[in-house]
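Visitor: Input structure: target-v6.txt, which contains compact mmCIF, C-alpha atoms.
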```
# COMPACT_ATOMS: atom_id res chain seq x y z
CA MET M 100 -79.50 98.68 59.14
CA ARG M 101 -76.76 96.99 61.10
CA ILE M 102 -73.89 99.31 61.93
CA ARG M 103 -70.99 98.21 59.73
CA THR M 104 -69.29 101.55 58.95
CA PRO M 105 -67.84 104.42 60.98
CA LEU M 106 -70.59 106.51 62.53
CA THR M 107 -69.93 109.56 60.37
CA SER M 108 -70.33 107.55 57.18
CA LEU M 109 -73.39 105.78 58.52
CA PHE M 110 -75.28 108.92 59.49
CA ALA M 111 -74.41 110.58 56.19
CA ALA M 112 -75.81 107.62 54.27
CA LEU M 113 -78.99 107.56 56.35
CA ALA M 114 -79.54 111.28 55.92
CA ALA M 115 -79.25 110.90 52.16
CA GLY M 116 -81.82 108.10 52.16
CA GLY M 117 -84.26 109.83 54.46
CA LEU M 118 -84.31 107.01 57.02
CA LEU M 119 -84.34 107.59 60.76
CA VAL M 120 -82.37 104.86 62.56
CA THR M 121 -82.14 104.37 66.29
CA ALA M 122 -79.17 102.26 67.35
CA ALA M 123 -79.86 99.61 69.98
CA GLY M 124 -76.26 99.42 71.16
CA PRO M 125 -72.63 99.71 70.14
CA ALA M 126 -71.40 98.30 66.86
CA PRO M 127 -72.23 95.78 65.65
CA ALA M 128 -75.76 96.32 66.98
CA ALA M 129 -79.28 95.72 65.77
CA THR M 130 -81.18 98.82 64.74
CA THR M 131 -84.73 100.07 64.48
CA ILE M 132 -85.42 101.53 61.06
CA GLU M 133 -88.30 104.01 60.92
CA VAL M 134 -90.00 103.94 57.52
CA THR M 135 -92.56 106.36 56.05
CA THR M 136 -92.43 105.76 52.26
CA ALA M 137 -92.48 102.83 49.85
CA ALA M 138 -88.95 103.64 48.66
CA GLN M 139 -87.69 103.60 52.23
CA LEU M 140 -89.43 100.30 52.85
CA LYS M 141 -87.77 98.65 49.86
CA ALA M 142 -84.41 99.97 50.95
CA ALA M 143 -84.92 98.79 54.51
CA LEU M 144 -85.98 95.30 53.40
CA GLY M 145 -82.85 95.04 51.30
CA ALA M 146 -80.53 96.28 54.05
CA ALA M 147 -82.01 94.46 57.06
CA ALA M 148 -79.69 92.30 59.14
CA PRO M 149 -80.33 89.82 61.95
CA GLY M 150 -81.86 91.50 64.98
CA ASP M 151 -83.13 94.55 63.10
CA THR M 152 -86.64 95.97 63.35
CA ILE M 153 -88.33 97.80 60.47
CA HIS M 154 -91.13 99.96 61.83
CA LEU M 155 -93.74 101.28 59.40
CA ALA M 156 -95.53 104.53 60.13
CA ASP M 157 -99.24 104.58 59.36
CA GLY M 158 -99.86 105.20 55.67
CA THR M 159 -100.07 103.51 52.28
CA TYR M 160 -97.03 101.76 50.78
CA THR M 161 -97.65 101.03 47.12
CA GLY M 162 -95.66 98.34 45.34
CA ASN M 163 -94.40 94.77 45.63
CA PHE M 164 -92.12 94.26 48.61
CA LYS M 165 -89.52 91.51 48.96
CA ALA M 166 -87.04 90.37 51.59
CA THR M 167 -84.28 87.84 50.91
CA THR M 168 -81.86 88.18 53.84
CA PRO M 169 -82.48 85.72 56.71
CA GLY M 170 -82.40 86.48 60.38
CA THR M 171 -81.34 83.88 62.89
CA ALA M 172 -83.16 81.93 65.60
CA SER M 173 -81.59 84.19 68.25
CA ALA M 174 -81.76 87.44 66.24
CA ARG M 175 -84.95 87.66 64.25
CA VAL M 176 -85.75 90.40 61.75
CA THR M 177 -89.06 92.13 62.51
CA LEU M 178 -91.31 94.09 60.15
CA THR M 179 -93.94 95.82 62.23
CA GLY M 180 -96.61 98.48 62.09
CA SER M 181 -100.26 99.06 62.91
CA PRO M 182 -103.17 97.90 60.71
CA ARG M 183 -103.10 101.43 59.28
CA ALA M 184 -99.71 100.70 57.72
CA VAL M 185 -101.03 99.30 54.45
CA LEU M 186 -98.96 97.51 51.81
CA THR M 187 -100.91 97.87 48.57
CA ALA M 188 -99.89 95.96 45.44
CA GLY M 189 -101.36 96.46 41.98
CA GLY M 190 -100.56 92.81 41.17
CA GLY M 191 -98.02 90.15 42.09
CA TYR M 192 -97.21 89.55 45.75
CA GLY M 193 -97.82 92.16 48.40
CA LEU M 194 -95.00 90.86 50.62
CA HIS M 195 -92.61 88.08 49.54
CA LEU M 196 -90.25 86.52 52.08
CA ASN M 197 -87.95 84.58 49.76
CA GLY M 198 -85.27 82.80 51.75
CA ALA M 199 -85.91 85.23 54.60
CA SER M 200 -85.92 82.76 57.49
CA TYR M 201 -86.61 83.93 61.04
CA TRP M 202 -88.61 86.99 60.12
CA THR M 203 -91.59 88.25 62.10
CA VAL M 204 -94.27 90.23 60.25
CA GLN M 205 -96.50 91.96 62.75
CA GLY M 206 -99.59 94.15 62.72
CA VAL M 207 -99.59 95.50 59.16
CA THR M 208 -102.24 95.22 56.43
CA VAL M 209 -101.53 93.68 53.00
CA THR M 210 -103.99 94.17 50.14
CA GLY M 211 -104.49 94.61 46.42
CA GLY M 212 -102.17 92.02 44.87
CA GLN M 213 -102.37 88.60 43.32
CA LYS M 214 -101.33 87.04 46.65
CA GLY M 215 -100.92 88.67 50.03
CA ILE M 216 -97.95 87.23 51.95
CA VAL M 217 -95.85 84.49 50.33
CA ILE M 218 -93.15 82.63 52.26
CA ASP M 219 -90.67 80.70 50.09
CA THR M 220 -87.75 78.55 51.31
CA ALA M 221 -87.85 80.25 54.69
CA GLY M 222 -87.90 78.56 58.09
CA GLY M 223 -89.26 79.94 61.33
CA VAL M 224 -91.31 82.80 59.85
CA VAL M 225 -93.96 84.25 62.18
CA VAL M 226 -96.91 86.23 60.82
CA ASP M 227 -98.70 87.81 63.76
CA GLY M 228 -101.73 90.07 63.98
CA VAL M 229 -101.82 91.05 60.31
CA THR M 230 -104.80 91.85 58.10
CA VAL M 231 -104.83 90.41 54.56
CA HIS M 232 -107.65 91.13 52.11
CA GLY M 233 -108.64 92.30 48.62
CA LEU M 234 -106.63 89.73 46.62
CA ASP M 235 -107.00 87.88 43.33
CA MET M 236 -105.66 84.62 44.81
CA GLU M 237 -104.44 83.31 48.21
CA GLY M 238 -104.06 85.27 51.40
CA VAL M 239 -100.98 83.71 53.03
CA HIS M 240 -98.94 80.93 51.38
CA PHE M 241 -96.18 78.86 53.01
CA ARG M 242 -94.39 76.98 50.23
CA SER M 243 -91.04 75.74 48.83
CA SER M 244 -90.28 73.79 52.03
CA SER M 245 -90.86 76.70 54.41
CA THR M 246 -90.80 74.83 57.71
CA ASP M 247 -91.87 75.74 61.25
CA GLY M 248 -93.85 78.79 60.19
CA VAL M 249 -96.61 80.38 62.25
CA ILE M 250 -99.59 82.53 61.35
CA ARG M 251 -101.55 83.69 64.37
CA ASN M 252 -104.02 86.31 65.61
CA SER M 253 -104.60 87.49 62.04
CA ARG M 254 -107.60 88.35 59.88
CA ILE M 255 -107.93 87.15 56.27
CA TYR M 256 -110.94 87.92 54.09
CA ASP M 257 -112.02 88.88 50.54
CA THR M 258 -109.62 86.67 48.56
CA GLY M 259 -109.86 84.77 45.26
CA ASN M 260 -111.38 87.70 43.44
CA ASP M 261 -110.33 86.43 40.00
CA GLY M 262 -113.05 83.77 40.37
CA ARG M 263 -110.89 80.71 39.67
CA GLY M 264 -111.29 79.16 43.11
CA MET M 265 -107.66 79.86 44.04
CA GLY M 266 -108.35 82.17 46.93
CA GLU M 267 -107.49 80.03 49.96
CA GLY M 268 -107.04 81.95 53.17
CA VAL M 269 -103.96 80.02 54.31
CA TYR M 270 -102.27 77.64 51.86
CA VAL M 271 -99.53 75.25 52.96
CA GLY M 272 -97.40 73.43 50.38
CA THR M 273 -97.86 72.93 46.65
CA ALA M 274 -100.50 70.92 44.78
CA ASN M 275 -99.54 67.80 42.86
CA THR M 276 -96.03 67.51 44.23
CA LEU M 277 -94.33 65.83 47.19
CA SER M 278 -91.15 67.90 47.02
CA ASP M 279 -92.57 70.88 48.91
CA ARG M 280 -91.97 69.91 52.54
CA SER M 281 -93.48 72.92 54.26
CA ASP M 282 -93.72 71.00 57.52
CA ARG M 283 -94.93 71.91 61.00
CA VAL M 284 -96.77 75.10 60.02
CA GLN M 285 -99.02 76.41 62.80
CA ILE M 286 -102.27 78.24 62.04
CA LEU M 287 -103.45 79.64 65.36
CA ASP M 288 -106.30 81.88 66.55
CA ASN M 289 -107.03 83.55 63.23
CA THR M 290 -110.32 84.83 61.80
CA ILE M 291 -110.63 83.69 58.18
CA GLY M 292 -113.55 84.81 56.02
CA PRO M 293 -115.96 86.02 54.84
CA GLY M 294 -115.40 86.29 51.11
CA VAL M 295 -112.58 83.73 50.93
CA GLY M 296 -112.84 82.26 47.43
CA GLY M 297 -111.42 78.85 48.34
CA GLU M 298 -110.93 76.79 51.48
CA ASN M 299 -110.15 78.86 54.53
CA VAL M 300 -107.16 76.52 55.06
CA ASP M 301 -105.65 74.08 52.53
CA ILE M 302 -102.92 71.67 53.66
CA LYS M 303 -101.28 70.07 50.63
CA GLU M 304 -99.82 66.62 50.10
CA GLY M 305 -96.12 66.39 50.85
CA THR M 306 -96.43 68.44 54.05
CA THR M 307 -96.42 67.01 57.57
CA GLY M 308 -97.33 68.14 61.05
CA ALA M 309 -99.53 71.20 60.47
CA ARG M 310 -101.43 72.51 63.49
CA ILE M 311 -104.78 74.27 62.94
CA ILE M 312 -105.97 75.46 66.34
CA GLY M 313 -108.38 78.04 67.73
CA ASN M 314 -109.44 79.64 64.45
CA THR M 315 -112.80 81.08 63.40
CA PHE M 316 -113.86 80.10 59.88
CA ASP M 317 -116.50 81.62 57.61
CA GLY M 318 -117.05 79.68 54.40
CA SER M 319 -119.62 81.99 52.83
CA GLY M 320 -117.19 82.79 49.99
CA LEU M 321 -116.74 79.19 48.79
CA THR M 322 -117.22 78.97 45.03
CA GLY M 323 -117.18 75.23 44.30
CA ALA M 324 -114.35 75.73 41.80
CA ASN M 325 -111.49 73.23 42.20
CA TYR M 326 -113.71 71.24 44.60
CA ASP M 327 -113.60 73.85 47.34
CA ASP M 328 -116.61 73.01 49.53
CA SER M 329 -115.25 72.96 53.09
CA TRP M 330 -113.46 75.28 55.50
CA VAL M 331 -110.42 73.06 55.76
CA ASP M 332 -109.03 70.50 53.31
CA VAL M 333 -106.30 68.21 54.66
CA LYS M 334 -104.12 66.33 52.17
CA GLY M 335 -100.93 66.33 54.26
CA ASN M 336 -99.98 63.92 57.05
CA ASP M 337 -100.19 64.06 60.85
CA VAL M 338 -102.29 67.22 61.03
CA LEU M 339 -104.02 68.36 64.22
CA VAL M 340 -107.32 70.26 63.82
CA GLN M 341 -108.49 71.46 67.23
CA ASP M 342 -110.82 73.96 68.91
CA ASN M 343 -111.89 75.74 65.73
CA THR M 344 -115.33 77.24 65.06
CA GLY M 345 -116.88 77.29 61.58
CA THR M 346 -120.01 78.67 59.95
CA GLY M 347 -121.30 79.26 56.44
CA THR M 348 -119.91 76.33 54.48
CA SER M 349 -121.44 75.23 51.20
CA ASN M 350 -121.13 71.52 52.06
CA ASP M 351 -118.78 70.05 54.70
CA GLY M 352 -116.85 71.58 57.54
CA TYR M 353 -113.57 69.65 57.24
CA GLN M 354 -112.38 67.13 54.67
CA THR M 355 -109.45 64.74 54.35
CA HIS M 356 -108.24 63.58 50.93
CA THR M 357 -105.54 61.37 49.48
CA GLN M 358 -104.17 63.12 46.41
CA GLN M 359 -100.96 61.06 46.45
CA PRO M 360 -100.57 57.52 47.85
CA GLY M 361 -99.71 57.56 51.54
CA TRP M 362 -100.79 61.15 52.09
CA GLY M 363 -103.80 62.69 53.82
CA CYS M 364 -103.29 60.31 56.76
CA GLY M 365 -103.05 60.66 60.52
CA THR M 366 -105.30 63.69 60.95
CA VAL M 367 -106.75 64.21 64.44
CA PHE M 368 -109.90 66.28 65.00
CA ARG M 369 -110.63 67.45 68.54
CA GLY M 370 -112.98 70.06 70.05
CA ASN M 371 -114.16 71.67 66.78
CA ARG M 372 -117.59 73.33 66.60
CA SER M 373 -119.32 73.20 63.22
CA ASP M 374 -122.49 75.01 62.11
CA LEU M 375 -123.77 73.50 58.87
CA THR M 376 -127.23 75.08 58.88
CA ALA M 377 -126.50 76.97 55.64
CA ALA M 378 -124.94 74.00 53.82
CA THR M 379 -126.60 72.82 50.61
CA GLY M 380 -124.11 70.20 49.32
CA THR M 381 -124.56 66.46 49.09
CA THR M 382 -122.66 65.15 52.12
CA ARG M 383 -123.03 67.97 54.67
CA LEU M 384 -120.82 66.46 57.35
CA ALA M 385 -118.82 68.34 59.95
CA ILE M 386 -115.84 66.05 59.22
CA ASP M 387 -115.91 64.17 55.92
CA VAL M 388 -113.18 61.52 55.70
CA THR M 389 -112.99 60.76 51.99
CA ASN M 390 -109.89 58.55 52.13
CA LEU M 391 -111.07 55.61 54.21
CA GLY M 392 -108.78 52.61 54.03
CA ALA M 393 -106.22 50.47 55.78
CA GLY M 394 -103.03 52.26 56.68
CA CYS M 395 -104.53 55.75 56.38
CA THR M 396 -106.14 56.62 59.67
CA THR M 397 -108.16 59.63 60.77
CA THR M 398 -109.27 60.19 64.37
CA VAL M 399 -112.45 62.12 65.19
CA HIS M 400 -112.96 62.66 68.92
CA SER M 401 -116.36 62.95 70.54
CA SER M 402 -115.48 66.48 71.68
CA ASN M 403 -116.30 67.71 68.16
CA THR M 404 -119.85 69.06 67.78
CA VAL M 405 -122.15 69.91 64.88
CA THR M 406 -125.33 71.89 64.33
CA GLY M 407 -127.38 71.18 61.20
CA GLY M 408 -126.25 69.14 58.23
CA LYS M 409 -126.34 65.34 58.14
CA GLY M 410 -124.12 64.58 61.10
CA LEU M 411 -120.70 64.75 62.65
CA THR M 412 -118.67 62.34 60.52
CA ASN M 413 -118.67 59.19 58.40
CA ILE M 414 -116.23 57.23 60.58
CA THR M 415 -116.39 55.76 64.07
CA VAL M 416 -116.04 58.44 66.73
CA THR M 417 -113.28 58.09 69.32
CA PRO M 418 -114.11 59.05 72.94
```
Step by step, read the file and then write its structure as structure tokens.
Guide:
Amino acid sequence: MRIRTPLTSLFAALAAGGLLVTAAGPAPAATTIEVTTAAQLKAALGAAAPGDTIHLADGTYTGNFKATTPGTASARVTLTGSPRAVLTAGGGYGLHLNGASYWTVQGVTVTGGQKGIVIDTAGGVVVDGVTVHGLDMEGVHFRSSSTDGVIRNSRIYDTGNDGRGMGEGVYVGTANTLSDRSDRVQILDNTIGPGVGGENVDIKEGTTGARIIGNTFDGSGLTGANYDDSWVDVKGNDVLVQDNTGTGTSNDGYQTHTQQPGWGCGTVFRGNRSDLTAATGTTRLAIDVTNLGAGCTTTVHSSNTVTGGKGLTNITVTP
């Protein structure tokens, strides 16, 4: 908690709440809040101020956890712990950053809910080195115009357990709307799958500038519900898909679609390695461009490679 009161009042309040706080400097100064229980975590999320760090001890934190106070670009709020600090939800969202711009979520595990980590109306959120699994629906969802977010170095698996094909690993935007401008989201160096009951990554129409780089995809959990039959489905504009490795798809590796006029355009594929030896679908392409047409370009560079299946792509390859 940021120091806003005289020290005697502050330490009395902290003692009553059972929180150990280490001040980083004189008032007003950012603090490190040491948390060991679910009640303390909820209190810390509610009280966090720009620059603060909430550190979770190893253990199980049962409940639905929500943050609504933003940090700033120069004073981020950090929620951190090891993979043995486990947020376990019986339903709903494990961790909901609602309006909580400039937060970093680092290291922890989120499991057991409807969705793992949901970012709403929050810019500059960084999700780094987390583990997300055991969910009814999506793993990590950037939505409600949450711009400039990053998920990196994380592991997502065992999602979509309600069987409705809504278990995407990383989901950007909102289906069937152009008002969700969750632009410039970066998906970097993650391991997604196995057991992901939807696309490993789904980039929705209305979003622009996503970057999907350096990830490892396993599509062995694809169900075919809601047309999920590829690791990555791109329906947004100006997306870069680069240096990813994929195995285990049911049909294609990557697909582009136009769900709304003028969207699903400008995707660039470079340096991706696709293994389609287990694919049984009808097209079985590493990169299936379904929205061919004037004014909606896709670029597939020759640095992309494929093993098995029916080939690299259905468009002319660019050197």
Visitor: Any idea what's packed within 6 Å of Val134 (chain M), counting all atoms listed in the file, ignoring anything in its chain fewer than 3 positions away? Could you give it as a VMD selection string?
Guide: chain M and resid 139 to 140 154 to 155
Visitor: Nearest residue to Thr382 (chain M) out of M:Asp342, M:Asp219, M:Asp247, M:Asp351, using all atoms listed in the file?
Guide: M:Asp351
Visitor: Can you tell me how far CA of Leu234 (chain M) sits from CA of Gln354 (chain M), in Å to one decimal?
Guide: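 Atom-to-atom, CA of Leu234 (chain M) and CA of Gln354 (chain M) are spaced 24.7 Å apart.
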Visitor: May I ask which of the residues M:Thr203, M:Thr344, M:Thr187, M:Thr396 is the closest one to Ile218 (chain M), counting all atoms listed in the file?
Guide: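 Counting all atoms listed in the file, the residue closest to Ile218 (chain M) is M:Thr203.
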Visitor: Which residues are close to region 270-282 of chain M, i.e. within 9 Å by all atoms listed in the file, leaving aside same-chain residues fewer than 5 positions away? Reply as a list in words.
Guide: Thr220, Gly222, Glu237, Gly238, Val239, His240, Phe241, Arg242, Ser243, Ser244, Ser245, Thr246, Asp247, Gly248, Glu298, Asn299, Val300, Asp301, Ile302, Lys303, Glu304, Gly305, Thr306, Thr307, Gly308, Ala309, Gly335, Gln358 and Gln359 of chain M
Visitor: Please list as a PyMOL selection string every residue within 10 Å of Thr404 (chain M), counting all atoms listed in the file and excluding residues in the same chain fewer than 2 positions away.
Guide: chain M and resi 344+369-374+385-386+400-402+406+410-412
Visitor: Please list as a compact mmCIF listing (two decimals) with C-alpha atoms, in the coordinates of the input every residue within 12 Å of Thr379 (chain M), counting all atoms listed in the file and excluding residues in the same chain fewer than 4 positions away.
Guide:
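Written file, selection-v3.txt:
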```txt
# COMPACT_ATOMS: atom_id res chain seq x y z
CA SER M 319 -119.62 81.99 52.83
CA LEU M 321 -116.74 79.19 48.79
CA GLY M 323 -117.18 75.23 44.30
CA ASP M 328 -116.61 73.01 49.53
CA SER M 329 -115.25 72.96 53.09
CA GLY M 347 -121.30 79.26 56.44
CA THR M 348 -119.91 76.33 54.48
CA SER M 349 -121.44 75.23 51.20
CA ASN M 350 -121.13 71.52 52.06
CA ASP M 351 -118.78 70.05 54.70
CA LEU M 375 -123.77 73.50 58.87
CA ARG M 383 -123.03 67.97 54.67
CA LEU M 384 -120.82 66.46 57.35
CA GLY M 407 -127.38 71.18 61.20
CA GLY M 408 -126.25 69.14 58.23
CA LYS M 409 -126.34 65.34 58.14
```
Visitor: Between M:Gly233, M:Gly361, M:Gly189, M:Gly223, which has the minimum distance to Arg175 (chain M) (counting all atoms listed in the file)?
Guide: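 Closest to Arg175 (chain M), using all atoms listed in the file: M:Gly223.
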Visitor: Would you compute the distance between CA of Ile414 (chain M) and CA of Gly380 (chain M)? Give it in Å to one decimal.
Guide: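 Interatomic distance here is 18.9 Å.
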Visitor: Would you be able to write out as a list in words which residues have an atom within 7 Å of (-94.8, 88.0, 51.1) in the file's coordinates, counting all atoms listed in the file?
Guide: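 Counting all atoms listed in the file, I find these residues within 7 Å of (-94.8, 88.0, 51.1): Lys165, Tyr192, Gly193, Leu194, His195, Leu196, Gly215, Ile216, Val217 and Ile218 of chain M.
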Visitor: So that I can check the surroundings of Asp157 (chain M), please list as a list in words every protein, DNA and RNA residue that reaches within 10 Å of it, counting all atoms listed in the file and ignoring chain neighbours fewer than 4 positions away.
Guide: Val134, Thr135, Thr136, Gly180, Ser181, Pro182, Arg183, Ala184, Val185 and Val207 of chain M
Visitor: At what distance in Å, to one decimal, does CA of Gly365 (chain M) lie from CA of Val331 (chain M)?
Guide: 15.2 Å
Visitor: Determine, counting only C-alpha atoms, every residue of protein, DNA or RNA that lies within 12 Å of (-89.3, 101.9, 48.4) in the file coordinates, then give the result as an mmCIF file with C-alpha atoms, in the frame of the given file.
Guide:
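In the end it all went to out_30.cif:
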```cif
data_model
loop_
_atom_site.group_PDB
_atom_site.id
_atom_site.type_symbol
_atom_site.label_atom_id
_atom_site.label_comp_id
_atom_site.auth_asym_id
_atom_site.auth_seq_id
_atom_site.Cartn_x
_atom_site.Cartn_y
_atom_site.Cartn_z
ATOM 1 C CA GLY M 116 -81.820 108.100 52.160
ATOM 2 C CA GLY M 117 -84.260 109.830 54.460
ATOM 3 C CA LEU M 118 -84.310 107.010 57.020
ATOM 4 C CA VAL M 134 -90.000 103.940 57.520
ATOM 5 C CA THR M 135 -92.560 106.360 56.050
ATOM 6 C CA THR M 136 -92.430 105.760 52.260
ATOM 7 C CA ALA M 137 -92.480 102.830 49.850
ATOM 8 C CA ALA M 138 -88.950 103.640 48.660
ATOM 9 C CA GLN M 139 -87.690 103.600 52.230
ATOM 10 C CA LEU M 140 -89.430 100.300 52.850
ATOM 11 C CA LYS M 141 -87.770 98.650 49.860
ATOM 12 C CA ALA M 142 -84.410 99.970 50.950
ATOM 13 C CA ALA M 143 -84.920 98.790 54.510
ATOM 14 C CA LEU M 144 -85.980 95.300 53.400
ATOM 15 C CA GLY M 145 -82.850 95.040 51.300
ATOM 16 C CA ALA M 146 -80.530 96.280 54.050
ATOM 17 C CA LEU M 155 -93.740 101.280 59.400
ATOM 18 C CA THR M 159 -100.070 103.510 52.280
ATOM 19 C CA TYR M 160 -97.030 101.760 50.780
ATOM 20 C CA THR M 161 -97.650 101.030 47.120
ATOM 21 C CA GLY M 162 -95.660 98.340 45.340
ATOM 22 C CA ASN M 163 -94.400 94.770 45.630
ATOM 23 C CA PHE M 164 -92.120 94.260 48.610
ATOM 24 C CA LYS M 165 -89.520 91.510 48.960
ATOM 25 C CA LEU M 186 -98.960 97.510 51.810
#
```
Visitor: Using all atoms listed in the file for the distances, tell me which of M:Cys364, M:Ala166, M:Val405, M:Leu287 is nearest to Gln341 (chain M).
Guide: M:Leu287
Visitor: Nearest residue to Val209 (chain M) out of M:Thr381, M:Ser253, M:Asn289, M:Asn343, using all atoms listed in the file?
Guide: M:Ser253
Visitor: For a quick check of understanding, using only C-alpha atoms, which of M:Gly158, M:Gly191, M:Gly150, M:Gly318 has the smallest distance to Thr171 (chain M)?
Guide: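 Of M:Gly158, M:Gly191, M:Gly150, M:Gly318, the one nearest Thr171 (chain M), counting only C-alpha atoms, is M:Gly150.
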Visitor: Once you add 5 Å to each side, what are the centre and edge lengths of the axis-aligned box holding all listed atoms of region 176-193 of chain M? One decimal in Å, as JSON, if you can.
Guide:
```
{"center_x": -94.5, "center_y": 95.5, "center_z": 52.0, "size_x": 27.4, "size_y": 21.9, "size_z": 31.7}
```
